[in-house]
$ cat start.pdb   # PDB, C-alpha atoms
ATOM      1  CA  MET Z 418      -6.429  24.864   7.657  1.00  0.00           C
ATOM      2  CA  THR Z 419      -5.932  22.724   4.561  1.00  0.00           C
ATOM      3  CA  SER Z 420      -2.960  20.391   4.082  1.00  0.00           C
ATOM      4  CA  GLU Z 421      -0.998  22.965   2.110  1.00  0.00           C
ATOM      5  CA  HIS Z 422      -1.117  25.283   5.133  1.00  0.00           C
ATOM      6  CA  GLN Z 423       0.096  22.691   7.629  1.00  0.00           C
ATOM      7  CA  ALA Z 424       3.822  23.218   7.169  1.00  0.00           C
ATOM      8  CA  GLY Z 425       5.706  21.958  10.190  1.00  0.00           C
ATOM      9  CA  LYS Z 426       2.704  20.077  11.607  1.00  0.00           C
ATOM     10  CA  PRO Z 427       3.650  16.595  12.935  1.00  0.00           C
ATOM     11  CA  GLY Z 428       2.778  13.985  10.309  1.00  0.00           C
ATOM     12  CA  GLN Z 429       2.834  16.248   7.277  1.00  0.00           C
ATOM     13  CA  ASP Z 430       5.937  14.583   5.861  1.00  0.00           C
ATOM     14  CA  ILE Z 431       4.237  11.181   5.859  1.00  0.00           C
ATOM     15  CA  VAL Z 432       1.205  12.667   4.090  1.00  0.00           C
ATOM     16  CA  ARG Z 433       3.500  14.045   1.382  1.00  0.00           C
ATOM     17  CA  LEU Z 434       5.470  10.793   1.053  1.00  0.00           C
ATOM     18  CA  ASP Z 435       2.303   8.723   0.945  1.00  0.00           C
ATOM     19  CA  ALA Z 436       0.921  10.915  -1.835  1.00  0.00           C
ATOM     20  CA  GLN Z 437       4.087  10.399  -3.874  1.00  0.00           C
ATOM     21  CA  ALA Z 438       3.923   6.623  -3.416  1.00  0.00           C
ATOM     22  CA  VAL Z 439       0.236   6.475  -4.298  1.00  0.00           C
ATOM     23  CA  GLN Z 440       0.717   8.633  -7.388  1.00  0.00           C
ATOM     24  CA  ALA Z 441       3.484   6.256  -8.508  1.00  0.00           C
ATOM     25  CA  THR Z 442       1.072   3.329  -8.186  1.00  0.00           C
ATOM     26  CA  VAL Z 443      -1.528   5.181 -10.249  1.00  0.00           C
ATOM     27  CA  ARG Z 444       1.043   5.571 -13.025  1.00  0.00           C
ATOM     28  CA  VAL Z 445       1.944   1.884 -13.088  1.00  0.00           C
ATOM     29  CA  VAL Z 446      -1.683   0.752 -12.782  1.00  0.00           C
ATOM     30  CA  SER Z 447      -2.644   2.977 -15.726  1.00  0.00           C
ATOM     31  CA  GLY Z 448      -0.780   0.575 -18.007  1.00  0.00           C
ATOM     32  CA  ILE Z 449      -2.900  -2.437 -17.058  1.00  0.00           C
ATOM     33  CA  SER Z 450      -5.061  -3.912 -19.817  1.00  0.00           C
ATOM     34  CA  PRO Z 451      -7.954  -6.357 -19.323  1.00  0.00           C
ATOM     35  CA  ALA Z 452      -5.688  -9.156 -20.562  1.00  0.00           C
ATOM     36  CA  ASP Z 453      -3.277  -8.446 -17.707  1.00  0.00           C
ATOM     37  CA  LEU Z 454      -5.783  -9.051 -14.921  1.00  0.00           C
ATOM     38  CA  ALA Z 455      -5.228 -12.826 -14.875  1.00  0.00           C
ATOM     39  CA  LYS Z 456      -1.460 -12.515 -14.443  1.00  0.00           C
ATOM     40  CA  PRO Z 457       0.132 -13.850 -11.250  1.00  0.00           C
ATOM     41  CA  THR Z 458       1.547 -11.482  -8.676  1.00  0.00           C
ATOM     42  CA  PRO Z 459       4.111 -11.672  -5.865  1.00  0.00           C
ATOM     43  CA  CYS Z 460       1.102 -11.928  -3.485  1.00  0.00           C
ATOM     44  CA  ALA Z 461       0.596 -15.695  -3.168  1.00  0.00           C
ATOM     45  CA  GLY Z 462      -2.667 -16.866  -4.700  1.00  0.00           C
ATOM     46  CA  TRP Z 463      -3.658 -13.460  -6.037  1.00  0.00           C
ATOM     47  CA  SER Z 464      -4.038 -12.538  -9.666  1.00  0.00           C
ATOM     48  CA  LEU Z 465      -3.345  -8.975 -10.742  1.00  0.00           C
ATOM     49  CA  GLY Z 466      -7.097  -8.394 -10.784  1.00  0.00           C
ATOM     50  CA  ASP Z 467      -7.341  -9.586  -7.179  1.00  0.00           C
ATOM     51  CA  LEU Z 468      -4.473  -7.335  -6.154  1.00  0.00           C
ATOM     52  CA  LEU Z 469      -5.977  -4.315  -7.887  1.00  0.00           C
ATOM     53  CA  ALA Z 470      -9.337  -4.915  -6.185  1.00  0.00           C
ATOM     54  CA  HIS Z 471      -7.571  -5.111  -2.811  1.00  0.00           C
ATOM     55  CA  MET Z 472      -5.588  -1.935  -3.433  1.00  0.00           C
ATOM     56  CA  THR Z 473      -8.726  -0.082  -4.463  1.00  0.00           C
ATOM     57  CA  ALA Z 474     -10.645  -1.256  -1.401  1.00  0.00           C
ATOM     58  CA  GLN Z 475      -7.817  -0.342   0.951  1.00  0.00           C
ATOM     59  CA  HIS Z 476      -7.772   3.200  -0.375  1.00  0.00           C
ATOM     60  CA  ASP Z 477     -11.467   3.506   0.396  1.00  0.00           C
ATOM     61  CA  GLY Z 478     -11.025   1.899   3.814  1.00  0.00           C
ATOM     62  CA  PHE Z 479      -8.280   4.320   4.779  1.00  0.00           C
ATOM     63  CA  ALA Z 480     -10.306   7.232   3.431  1.00  0.00           C
ATOM     64  CA  ALA Z 481     -13.198   6.113   5.651  1.00  0.00           C
ATOM     65  CA  ALA Z 482     -10.822   5.843   8.620  1.00  0.00           C
ATOM     66  CA  ALA Z 483      -9.599   9.385   7.998  1.00  0.00           C
ATOM     67  CA  ALA Z 484     -13.228  10.550   8.133  1.00  0.00           C
ATOM     68  CA  GLY Z 485     -13.933   8.649  11.360  1.00  0.00           C
ATOM     69  CA  ASP Z 486     -15.752   5.694   9.755  1.00  0.00           C
ATOM     70  CA  GLY Z 487     -12.959   3.112   9.757  1.00  0.00           C
ATOM     71  CA  ALA Z 488     -14.727   0.717  12.130  1.00  0.00           C
ATOM     72  CA  ASP Z 489     -17.251  -0.161   9.403  1.00  0.00           C
ATOM     73  CA  LEU Z 490     -15.773  -3.327   7.875  1.00  0.00           C
ATOM     74  CA  ALA Z 491     -17.919  -2.863   4.779  1.00  0.00           C
ATOM     75  CA  ARG Z 492     -15.749   0.139   3.892  1.00  0.00           C
ATOM     76  CA  TRP Z 493     -12.763  -2.203   3.488  1.00  0.00           C
ATOM     77  CA  GLN Z 494     -14.342  -4.867   1.296  1.00  0.00           C
ATOM     78  CA  PRO Z 495     -13.387  -5.218  -2.400  1.00  0.00           C
ATOM     79  CA  ARG Z 496     -16.244  -4.542  -4.785  1.00  0.00           C
ATOM     80  CA  GLN Z 497     -17.230  -6.335  -7.953  1.00  0.00           C
ATOM     81  CA  PRO Z 498     -14.693  -5.569 -10.716  1.00  0.00           C
ATOM     82  CA  ALA Z 499     -15.387  -2.383 -12.615  1.00  0.00           C
ATOM     83  CA  ALA Z 500     -15.478  -2.173 -16.407  1.00  0.00           C
ATOM     84  CA  ASP Z 501     -12.223  -0.203 -16.176  1.00  0.00           C
ATOM     85  CA  PRO Z 502     -10.368  -1.328 -13.001  1.00  0.00           C
ATOM     86  CA  ALA Z 503      -7.455   1.052 -13.657  1.00  0.00           C
ATOM     87  CA  GLU Z 504      -9.798   4.045 -13.818  1.00  0.00           C
ATOM     88  CA  GLU Z 505     -11.602   2.855 -10.686  1.00  0.00           C
ATOM     89  CA  TYR Z 506      -8.246   2.510  -8.935  1.00  0.00           C
ATOM     90  CA  ALA Z 507      -7.199   6.036  -9.893  1.00  0.00           C
ATOM     91  CA  ALA Z 508     -10.496   7.388  -8.558  1.00  0.00           C
ATOM     92  CA  ALA Z 509     -10.009   5.569  -5.228  1.00  0.00           C
ATOM     93  CA  ALA Z 510      -6.453   6.894  -5.016  1.00  0.00           C
ATOM     94  CA  GLY Z 511      -7.793  10.402  -5.474  1.00  0.00           C
ATOM     95  CA  ARG Z 512     -10.318   9.862  -2.681  1.00  0.00           C
ATOM     96  CA  VAL Z 513      -7.749   8.681  -0.149  1.00  0.00           C
ATOM     97  CA  LEU Z 514      -5.297  11.466  -0.969  1.00  0.00           C
ATOM     98  CA  ALA Z 515      -8.078  14.013  -0.545  1.00  0.00           C
ATOM     99  CA  ALA Z 516      -9.044  12.389   2.765  1.00  0.00           C
ATOM    100  CA  PHE Z 517      -5.481  12.466   4.088  1.00  0.00           C
ATOM    101  CA  GLY Z 518      -5.117  16.094   3.043  1.00  0.00           C
ATOM    102  CA  ALA Z 519      -8.365  17.249   4.624  1.00  0.00           C
ATOM    103  CA  ASP Z 520      -8.568  19.862   7.339  1.00  0.00           C
ATOM    104  CA  GLY Z 521      -7.740  18.479  10.790  1.00  0.00           C
ATOM    105  CA  VAL Z 522      -6.871  14.933   9.758  1.00  0.00           C
ATOM    106  CA  LEU Z 523      -3.459  14.989  11.433  1.00  0.00           C
ATOM    107  CA  ASP Z 524      -5.160  15.636  14.779  1.00  0.00           C
ATOM    108  CA  ARG Z 525      -7.392  12.550  14.538  1.00  0.00           C
ATOM    109  CA  GLU Z 526      -7.081   8.918  15.581  1.00  0.00           C
ATOM    110  CA  PHE Z 527      -7.766   6.231  12.995  1.00  0.00           C
ATOM    111  CA  VAL Z 528      -9.671   2.977  13.482  1.00  0.00           C
ATOM    112  CA  LEU Z 529      -8.084   0.266  11.317  1.00  0.00           C
ATOM    113  CA  PRO Z 530     -10.029  -2.945  12.018  1.00  0.00           C
ATOM    114  CA  GLU Z 531      -7.862  -5.084   9.740  1.00  0.00           C
ATOM    115  CA  VAL Z 532      -4.809  -4.092  11.813  1.00  0.00           C
ATOM    116  CA  SER Z 533      -6.490  -4.210  15.244  1.00  0.00           C
ATOM    117  CA  PRO Z 534     -10.179  -4.131  16.237  1.00  0.00           C
ATOM    118  CA  LEU Z 535      -9.232  -2.568  19.567  1.00  0.00           C
ATOM    119  CA  LEU Z 536      -6.345  -0.166  19.083  1.00  0.00           C
ATOM    120  CA  ARG Z 537      -6.574   3.391  17.821  1.00  0.00           C
ATOM    121  CA  PHE Z 538      -3.741   4.802  15.731  1.00  0.00           C
ATOM    122  CA  SER Z 539      -2.467   8.325  15.345  1.00  0.00           C
ATOM    123  CA  ALA Z 540      -2.996   9.807  11.913  1.00  0.00           C
ATOM    124  CA  ALA Z 541       0.745   9.813  11.215  1.00  0.00           C
ATOM    125  CA  GLU Z 542       1.072   6.153  12.208  1.00  0.00           C
ATOM    126  CA  ALA Z 543      -1.939   5.070  10.155  1.00  0.00           C
ATOM    127  CA  ILE Z 544      -0.818   7.011   7.089  1.00  0.00           C
ATOM    128  CA  GLY Z 545       2.616   5.442   7.553  1.00  0.00           C
ATOM    129  CA  PHE Z 546       1.012   1.998   7.284  1.00  0.00           C
ATOM    130  CA  HIS Z 547      -0.709   3.081   4.078  1.00  0.00           C
ATOM    131  CA  PHE Z 548       2.529   4.572   2.742  1.00  0.00           C
ATOM    132  CA  VAL Z 549       4.656   1.455   3.084  1.00  0.00           C
ATOM    133  CA  ASP Z 550       1.804  -0.742   1.840  1.00  0.00           C
ATOM    134  CA  TYR Z 551       1.626   1.176  -1.438  1.00  0.00           C
ATOM    135  CA  VAL Z 552       5.386   1.259  -1.884  1.00  0.00           C
ATOM    136  CA  VAL Z 553       5.203  -2.535  -1.811  1.00  0.00           C
ATOM    137  CA  HIS Z 554       1.971  -2.902  -3.778  1.00  0.00           C
ATOM    138  CA  GLY Z 555       3.320  -0.615  -6.486  1.00  0.00           C
ATOM    139  CA  TRP Z 556       6.282  -2.971  -6.751  1.00  0.00           C
ATOM    140  CA  ASP Z 557       3.876  -5.945  -6.856  1.00  0.00           C
ATOM    141  CA  VAL Z 558       1.972  -4.469  -9.788  1.00  0.00           C
ATOM    142  CA  ALA Z 559       5.095  -3.460 -11.671  1.00  0.00           C
ATOM    143  CA  ARG Z 560       6.659  -6.905 -11.305  1.00  0.00           C
ATOM    144  CA  SER Z 561       3.430  -8.566 -12.431  1.00  0.00           C
ATOM    145  CA  LEU Z 562       3.684  -6.465 -15.584  1.00  0.00           C
ATOM    146  CA  GLY Z 563       7.399  -7.222 -16.016  1.00  0.00           C
ATOM    147  CA  GLN Z 564       8.401  -3.650 -15.199  1.00  0.00           C
ATOM    148  CA  HIS Z 565      10.636  -1.887 -12.695  1.00  0.00           C
ATOM    149  CA  PHE Z 566       9.043   0.320 -10.053  1.00  0.00           C
ATOM    150  CA  GLU Z 567      10.857   3.622  -9.797  1.00  0.00           C
ATOM    151  CA  LEU Z 568      10.670   5.657  -6.602  1.00  0.00           C
ATOM    152  CA  ALA Z 569      12.786   8.589  -5.407  1.00  0.00           C
ATOM    153  CA  PRO Z 570      15.705   7.662  -3.113  1.00  0.00           C
ATOM    154  CA  GLY Z 571      14.395   9.907  -0.354  1.00  0.00           C
ATOM    155  CA  LEU Z 572      11.007   8.213  -0.440  1.00  0.00           C
ATOM    156  CA  LEU Z 573      12.614   4.776  -0.200  1.00  0.00           C
ATOM    157  CA  ALA Z 574      14.850   5.922   2.630  1.00  0.00           C
ATOM    158  CA  ALA Z 575      11.736   6.982   4.550  1.00  0.00           C
ATOM    159  CA  ALA Z 576       9.915   3.712   3.821  1.00  0.00           C
ATOM    160  CA  LEU Z 577      12.712   1.422   4.994  1.00  0.00           C
ATOM    161  CA  PRO Z 578      12.421   2.094   8.754  1.00  0.00           C
ATOM    162  CA  VAL Z 579       8.625   1.795   8.501  1.00  0.00           C
ATOM    163  CA  ALA Z 580       9.034  -1.638   6.888  1.00  0.00           C
ATOM    164  CA  ARG Z 581      11.558  -2.637   9.556  1.00  0.00           C
ATOM    165  CA  ALA Z 582       9.053  -1.725  12.279  1.00  0.00           C
ATOM    166  CA  VAL Z 583       6.373  -4.146  11.010  1.00  0.00           C
ATOM    167  CA  PRO Z 584       6.208  -7.143  13.395  1.00  0.00           C
ATOM    168  CA  ASP Z 585       7.544 -10.391  11.914  1.00  0.00           C
ATOM    169  CA  GLY Z 586       7.857 -14.013  13.001  1.00  0.00           C
ATOM    170  CA  ASP Z 587       4.943 -15.861  14.595  1.00  0.00           C
ATOM    171  CA  LEU Z 588       2.566 -12.937  14.259  1.00  0.00           C
ATOM    172  CA  ARG Z 589       2.816 -13.185  10.484  1.00  0.00           C
ATOM    173  CA  ARG Z 590       2.632 -16.976  10.466  1.00  0.00           C
ATOM    174  CA  GLN Z 591      -0.555 -16.751  12.525  1.00  0.00           C
ATOM    175  CA  GLY Z 592      -2.052 -14.247  10.084  1.00  0.00           C
ATOM    176  CA  LEU Z 593      -2.048 -11.437  12.654  1.00  0.00           C
ATOM    177  CA  VAL Z 594       0.051  -9.176  10.418  1.00  0.00           C
ATOM    178  CA  PRO Z 595      -1.011  -8.800   6.750  1.00  0.00           C
ATOM    179  CA  PHE Z 596       2.373  -9.767   5.287  1.00  0.00           C
ATOM    180  CA  ALA Z 597       4.205 -13.040   4.699  1.00  0.00           C
ATOM    181  CA  PRO Z 598       7.278 -13.630   6.891  1.00  0.00           C
ATOM    182  CA  GLY Z 599      10.275 -11.525   5.924  1.00  0.00           C
ATOM    183  CA  ILE Z 600      12.843 -12.824   3.428  1.00  0.00           C
ATOM    184  CA  HIS Z 601      16.584 -12.551   4.052  1.00  0.00           C
ATOM    185  CA  VAL Z 602      18.537 -10.534   1.489  1.00  0.00           C
ATOM    186  CA  THR Z 603      22.231  -9.747   1.314  1.00  0.00           C
ATOM    187  CA  GLY Z 604      23.586  -6.543   2.784  1.00  0.00           C
ATOM    188  CA  ASP Z 605      24.239  -5.063  -0.647  1.00  0.00           C
ATOM    189  CA  ALA Z 606      20.599  -5.342  -1.756  1.00  0.00           C
ATOM    190  CA  GLY Z 607      19.006  -2.121  -2.984  1.00  0.00           C
ATOM    191  CA  VAL Z 608      16.689  -0.229  -0.659  1.00  0.00           C
ATOM    192  CA  LEU Z 609      13.507  -1.216  -2.501  1.00  0.00           C
ATOM    193  CA  ASP Z 610      14.626  -4.858  -2.521  1.00  0.00           C
ATOM    194  CA  GLN Z 611      15.186  -4.624   1.238  1.00  0.00           C
ATOM    195  CA  ILE Z 612      11.726  -3.164   1.774  1.00  0.00           C
ATOM    196  CA  VAL Z 613       9.875  -5.780  -0.254  1.00  0.00           C
ATOM    197  CA  ALA Z 614      11.905  -8.572   1.347  1.00  0.00           C
ATOM    198  CA  LEU Z 615      11.120  -7.291   4.845  1.00  0.00           C
ATOM    199  CA  LEU Z 616       7.444  -7.490   3.871  1.00  0.00           C
ATOM    200  CA  GLY Z 617       7.591 -11.045   2.578  1.00  0.00           C
ATOM    201  CA  ARG Z 618       8.417 -10.679  -1.117  1.00  0.00           C
ATOM    202  CA  ARG Z 619      11.326 -12.205  -2.989  1.00  0.00           C
ATOM    203  CA  PRO Z 620      13.019  -9.398  -4.931  1.00  0.00           C
ATOM    204  CA  GLU Z 621      13.775 -11.823  -7.787  1.00  0.00           C
ATOM    205  CA  TRP Z 622      10.134 -12.987  -7.884  1.00  0.00           C
ATOM    206  CA  PRO Z 623       9.540 -13.018 -11.687  1.00  0.00           C
ATOM    207  CA  GLU Z 624      12.251 -15.654 -12.085  1.00  0.00           C
ATOM    208  CA  LEU Z 625      10.544 -17.919  -9.572  1.00  0.00           C
ATOM    209  CA  VAL Z 626       6.965 -17.995 -10.855  1.00  0.00           C
ATOM    210  CA  PRO Z 627       5.942 -19.272 -14.284  1.00  0.00           C
ATOM    211  CA  GLU Z 628       3.665 -17.035 -16.275  1.00  0.00           C
ATOM    212  CA  LEU Z 629       0.093 -18.119 -16.820  1.00  0.00           C
ATOM    213  CA  PRO Z 630      -0.683 -19.308 -20.348  1.00  0.00           C
TER     214      PRO Z 630
END
$ encode --input "start.pdb" --output "structure tokens"
Amino acid sequence: MTSEHQAGKPGQDIVRLDAQAVQATVRVVSGISPADLAKPTPCAGWSLGDLLAHMTAQHDGFAAAAAGDGADLARWQPRQPAADPAEEYAAAAGRVLAAFGADGVLDREFVLPEVSPLLRFSAAEAIGFHFVDYVVHGWDVARSLGQHFELAPGLLAAALPVARAVPDGDLRRQGLVPFAPGIHVTGDAGVLDQIVALLGRRPEWPELVPELP
């Protein structure tokens, strides 16, 4: 039973939403040139090249987890930069989407050692983590390039409660959750601004960080 025949199966909606978010990141990453890789990002201390390497590695880590190999930390490690990082990123995105759409994936448990070395996560929960991560990382890349990141309202509406469920406070300050502490925004902030703020980004970030020479 392939993913297209799993209508009504628990978790299928998150697989579809994740695919839409990942495909949006592929589009924004496709515009990156080698000269862009040194640009700063909303991720403190990371250049755009660093961020792209992380995003690529996470796709491969989640793909390994979907196949039952997530406990292998080597599957999560960024590789040496490729000659064409945007092409490498697109290839990794294709691998993770194929892994999430594979037969039987929604019935599996995922091992995500960077989230917890002990816990096991349902497929829907794990793919939800991946989904909200790439909503935010797509925004990171777009802002680094001075662009807006456009996502469908329904996709953002689904991502907001996932972002709200990510633990905050001391867990983040202790490095036990892979996001900076949440940022307060006003009640009239847009949904994407709320999501990135919940996950430690300042929605106005480009105005706060000087560009590299």
$ closest_residue --input "start.pdb" --among "Z:Tyr506, Z:Phe546, Z:Tyr551, Z:Phe479" --to "Gly466 of chain Z" --atoms "only C-alpha atoms"
Z:Tyr506
$ residues_around --input "start.pdb" --residues "Leu577 of chain Z" --least-positions-apart "5" --cutoff "9 Å" --atoms "only C-alpha atoms" --output "list in words"
Val549, Leu572, Ala582, Val608, Leu609, Gln611, Ile612 and Leu615 of chain Z
$ residues_around --input "start.pdb" --residues "Thr473 of chain Z" --least-positions-apart "4" --cutoff "7 Å" --atoms "only C-alpha atoms" --output "list in words"
Leu469, Asp477, Tyr506 and Ala509 of chain Z
$ residues_around --input "start.pdb" --residues "segment 556-565 of chain Z" --least-positions-apart "3" --cutoff "6 Å" --atoms "all atoms listed in the file" --output "list in words"
Thr458, Pro459 and Val553 of chain Z
$ residues_around --input "start.pdb" --residues "Gln497 of chain Z" --least-positions-apart "3" --cutoff "12 Å" --atoms "all atoms listed in the file" --output "PyMOL selection string"
chain Z and resi 466-467+469-471+473-474+494+500-502+505
$ atom_distance --input "start.pdb" --atom1 "atom CA of Pro451 of chain Z" --atom2 "atom CA of Ala491 of chain Z"
26.3 Å
$ resolve_selection --input "start.pdb" --expression "the PyMOL selection byres ((chain Z and resi 602) around 12)" --output "list in words"
Gly599, Ile600, His601, Thr603, Gly604, Asp605, Ala606, Gly607, Val608, Leu609, Asp610, Gln611, Ile612, Val613, Ala614, Leu615, Leu616, Gly617, Arg618, Arg619, Pro620 and Glu621 of chain Z
$ residues_around --input "start.pdb" --residues "segment 528-544 of chain Z" --least-positions-apart "2" --cutoff "9 Å" --atoms "all atoms listed in the file" --output "VMD selection string"
chain Z and resid 427 to 432 435 478 to 479 482 to 483 485 to 490 493 517 522 to 526 546 to 549 593 to 595
$ write_last_selection --input "start.pdb" --atoms "C-alpha atoms" --output "PDB file, keeping the file's coordinate frame"
ATOM      1  CA  PRO Z 427       3.650  16.595  12.935  1.00  0.00           C
ATOM      2  CA  GLY Z 428       2.778  13.985  10.309  1.00  0.00           C
ATOM      3  CA  GLN Z 429       2.834  16.248   7.277  1.00  0.00           C
ATOM      4  CA  ASP Z 430       5.937  14.583   5.861  1.00  0.00           C
ATOM      5  CA  ILE Z 431       4.237  11.181   5.859  1.00  0.00           C
ATOM      6  CA  VAL Z 432       1.205  12.667   4.090  1.00  0.00           C
ATOM      7  CA  ASP Z 435       2.303   8.723   0.945  1.00  0.00           C
ATOM      8  CA  GLY Z 478     -11.025   1.899   3.814  1.00  0.00           C
ATOM      9  CA  PHE Z 479      -8.280   4.320   4.779  1.00  0.00           C
ATOM     10  CA  ALA Z 482     -10.822   5.843   8.620  1.00  0.00           C
ATOM     11  CA  ALA Z 483      -9.599   9.385   7.998  1.00  0.00           C
ATOM     12  CA  GLY Z 485     -13.933   8.649  11.360  1.00  0.00           C
ATOM     13  CA  ASP Z 486     -15.752   5.694   9.755  1.00  0.00           C
ATOM     14  CA  GLY Z 487     -12.959   3.112   9.757  1.00  0.00           C
ATOM     15  CA  ALA Z 488     -14.727   0.717  12.130  1.00  0.00           C
ATOM     16  CA  ASP Z 489     -17.251  -0.161   9.403  1.00  0.00           C
ATOM     17  CA  LEU Z 490     -15.773  -3.327   7.875  1.00  0.00           C
ATOM     18  CA  TRP Z 493     -12.763  -2.203   3.488  1.00  0.00           C
ATOM     19  CA  PHE Z 517      -5.481  12.466   4.088  1.00  0.00           C
ATOM     20  CA  VAL Z 522      -6.871  14.933   9.758  1.00  0.00           C
ATOM     21  CA  LEU Z 523      -3.459  14.989  11.433  1.00  0.00           C
ATOM     22  CA  ASP Z 524      -5.160  15.636  14.779  1.00  0.00           C
ATOM     23  CA  ARG Z 525      -7.392  12.550  14.538  1.00  0.00           C
ATOM     24  CA  GLU Z 526      -7.081   8.918  15.581  1.00  0.00           C
ATOM     25  CA  PHE Z 546       1.012   1.998   7.284  1.00  0.00           C
ATOM     26  CA  HIS Z 547      -0.709   3.081   4.078  1.00  0.00           C
ATOM     27  CA  PHE Z 548       2.529   4.572   2.742  1.00  0.00           C
ATOM     28  CA  VAL Z 549       4.656   1.455   3.084  1.00  0.00           C
ATOM     29  CA  LEU Z 593      -2.048 -11.437  12.654  1.00  0.00           C
ATOM     30  CA  VAL Z 594       0.051  -9.176  10.418  1.00  0.00           C
ATOM     31  CA  PRO Z 595      -1.011  -8.800   6.750  1.00  0.00           C
TER      32      PRO Z 595
END
$ atom_distance --input "start.pdb" --atom1 "atom CA of Val446 of chain Z" --atom2 "atom CA of Trp622 of chain Z"
18.8 Å
$ atom_distance --input "start.pdb" --atom1 "atom CA of Ala516 of chain Z" --atom2 "atom CA of Asp453 of chain Z"
29.8 Å
$ closest_residue --input "start.pdb" --among "Z:Ala569, Z:Met472, Z:Ala484, Z:Ala519" --to "Thr442 of chain Z" --atoms "only C-alpha atoms"
Z:Met472
$ closest_residue --input "start.pdb" --among "Z:Ala580, Z:Ile449, Z:Ala574, Z:Leu568" --to "Ala507 of chain Z" --atoms "all atoms listed in the file"
Z:Ile449
$ closest_residue --input "start.pdb" --among "Z:Ala515, Z:Leu468, Z:Ala576, Z:Ala510" --to "Val443 of chain Z" --atoms "only C-alpha atoms"
Z:Ala510
$ closest_residue --input "start.pdb" --among "Z:His554, Z:His476, Z:Arg492, Z:Arg433" --to "Val445 of chain Z" --atoms "all atoms listed in the file"
Z:His554
